[in-house]
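**Student:** Handing you a structure now.
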Amino acid sequence: MSGACTRSGLLRALAGAGAAVAGGSLIAGRSGGTDSLAAPSAADDVKLLNFFLLLERVHEGFYAAAVERSAIGDELLAYAKTAQRQERDHVALLRDRLGSDAEAPRKSDFGDAVADPDRFTDAAIRLEEATLGAYIGHGADLTRGSVAAIVPIVSVEARQAAWIRDLARHDPAPNAADPARKPDEVMATLKDLGFVA
């Protein structure tokens, strides 16, 4: 990778991002940063896992559209191809976890977000950071088994966020801890990007 950071610096940043994600989830879940202080339940799992599934499907569709259009340049295309494969696995993991409770996919439109490198990187950064904020804000609201199921996803999302920020010549891990985001804030980002109606 020929981004703005050295390999060792990026690895340090990624390690910090992973710690921030894990720490943010615990802090949000224990300090009232989420919508409810009630004990996690199976019903909460279904609601939250379907929300995460929606996010992962948007990711997969966005990266698939970028790969298909191939208008973003070689480095970004390599990132999009890798992220697309990973997001496909995330969708499958969440769908399997939900079983018959998995909601149907929603229609997404990626339009001009995959038309050129600048639009793609801006959209990818916003999408990755919004998704991390959702996991940080609500991962601790899941039951123990579901938390264990999503932890591997969250660490990959943090790496993707750092990677695309580096390709855009931004600090890959600008914060010591990332902020939690509520579902309506995340959905507002997706709507602003034009990715969901």
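Residue numbering restarts at 1 in every chain; chains get A, B, ... in the order shown in the structure tokens, and ligands count up from 1 in that same order.
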Hey, could you make a per-residue contact list for range 114-196 of chain A against range 78-86 of chain A with 9 Å as the cut-off, showing the nearest pair of atoms and its distance in Å to one decimal, counting only C-alpha atoms, sorted by chain and number, as a Markdown table?
**Tutor:**
```
| residue | atom | partner | partner_atom | distance |
| --- | --- | --- | --- | --- |
| A:Ile153 | CA | A:Gln86 | CA | 8.9 |
| A:Val156 | CA | A:Gln86 | CA | 8.0 |
| A:Glu157 | CA | A:Ala83 | CA | 9.0 |
| A:Gln160 | CA | A:Ala83 | CA | 7.0 |
| A:Trp163 | CA | A:Tyr79 | CA | 7.9 |
| A:Ile164 | CA | A:Tyr79 | CA | 7.5 |
| A:Leu167 | CA | A:Tyr79 | CA | 8.9 |
```
**Student:** Neighbours of Ser41 in chain A within 9 Å (only C-alpha atoms; same-chain residues fewer than 4 positions away dropped), as a list in words?
**Tutor:**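 Here the qualifying residues turn out to be Asp45, Val46, Asp141, Leu142 and Thr143 of chain A.
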**Student:** Go ahead and compute the interatomic distance for CA of Gly73 in chain A and CA of Arg57 in chain A, in Å to one decimal.
**Tutor:**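 Rounded to one decimal, the two atoms are 23.4 Å apart.
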**Student:** Select, from A:Asp166, A:Asp192, A:Glu128, A:Asp109, the residue with the minimum atom-to-atom distance to Glu75 in chain A, counting only C-alpha atoms.
**Tutor:** A:Asp166
**Student:** So that I can check the surroundings of Leu94 in chain A, please list as a PyMOL selection string every protein, DNA and RNA residue that reaches within 8 Å of it, counting only C-alpha atoms and ignoring chain neighbours fewer than 6 positions away.
**Tutor:** chain A and resi 49-50+52-53
**Student:** Neighbours of range 177-187 of chain A within 6 Å (only C-alpha atoms; same-chain residues fewer than 4 positions away dropped), as a list in words?
**Tutor:**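 Here the qualifying residues turn out to be Ala20, Ala130, Gly133, Ala134, Ile136 and Gly137 of chain A.
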**Student:** Store the residues of this selection in a file with C-alpha atoms, as a PDB file, in the first residue's frame.
**Tutor:**
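Dumped everything to selection_30.pdb:
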```pdb
ATOM      1  CA  ALA A  20     -11.220   2.432  20.594  1.00  0.00           C
ATOM      2  CA  ALA A 130     -21.211   5.898  10.437  1.00  0.00           C
ATOM      3  CA  GLY A 133     -20.458   4.592  15.256  1.00  0.00           C
ATOM      4  CA  ALA A 134     -23.486   2.284  15.125  1.00  0.00           C
ATOM      5  CA  ILE A 136     -19.857   1.342  19.072  1.00  0.00           C
ATOM      6  CA  GLY A 137     -23.162   2.790  20.192  1.00  0.00           C
TER       7      GLY A 137
END
```
**Student:** Figure out the distance between CA of Val67 in chain A and CA of Ala113 in chain A, please, to one decimal in Å.
**Tutor:** 12.1 Å
**Student:** Within 8 Å of Ile125 in chain A, counting only C-alpha atoms, which residues show up once you throw out same-chain ones fewer than 3 positions away? Write them as an mmCIF file with N, CA and C atoms, in the first residue's frame, please.
**Tutor:**
```
data_model
loop_
_atom_site.group_PDB
_atom_site.id
_atom_site.type_symbol
_atom_site.label_atom_id
_atom_site.label_comp_id
_atom_site.auth_asym_id
_atom_site.auth_seq_id
_atom_site.Cartn_x
_atom_site.Cartn_y
_atom_site.Cartn_z
ATOM 1 N N THR A 121 -14.125 8.122 -2.267
ATOM 2 C CA THR A 121 -13.444 8.144 -0.972
ATOM 3 C C THR A 121 -14.266 8.892 0.070
ATOM 4 N N ASP A 122 -14.890 9.999 -0.318
ATOM 5 C CA ASP A 122 -15.734 10.740 0.633
ATOM 6 C C ASP A 122 -16.882 9.860 1.118
ATOM 7 N N GLU A 128 -18.157 4.144 6.337
ATOM 8 C CA GLU A 128 -17.418 3.341 7.315
ATOM 9 C C GLU A 128 -17.515 3.947 8.713
ATOM 10 N N GLU A 129 -17.380 5.257 8.816
ATOM 11 C CA GLU A 129 -17.417 5.891 10.135
ATOM 12 C C GLU A 129 -18.807 5.853 10.751
ATOM 13 N N ALA A 161 -12.022 1.324 7.628
ATOM 14 C CA ALA A 161 -12.091 2.772 7.833
ATOM 15 C C ALA A 161 -10.692 3.388 7.825
ATOM 16 N N ILE A 164 -9.237 3.240 4.078
ATOM 17 C CA ILE A 164 -9.753 4.237 3.135
ATOM 18 C C ILE A 164 -9.338 5.643 3.545
ATOM 19 N N ARG A 165 -9.254 5.915 4.840
ATOM 20 C CA ARG A 165 -8.769 7.223 5.274
ATOM 21 C C ARG A 165 -7.318 7.422 4.847
#
```
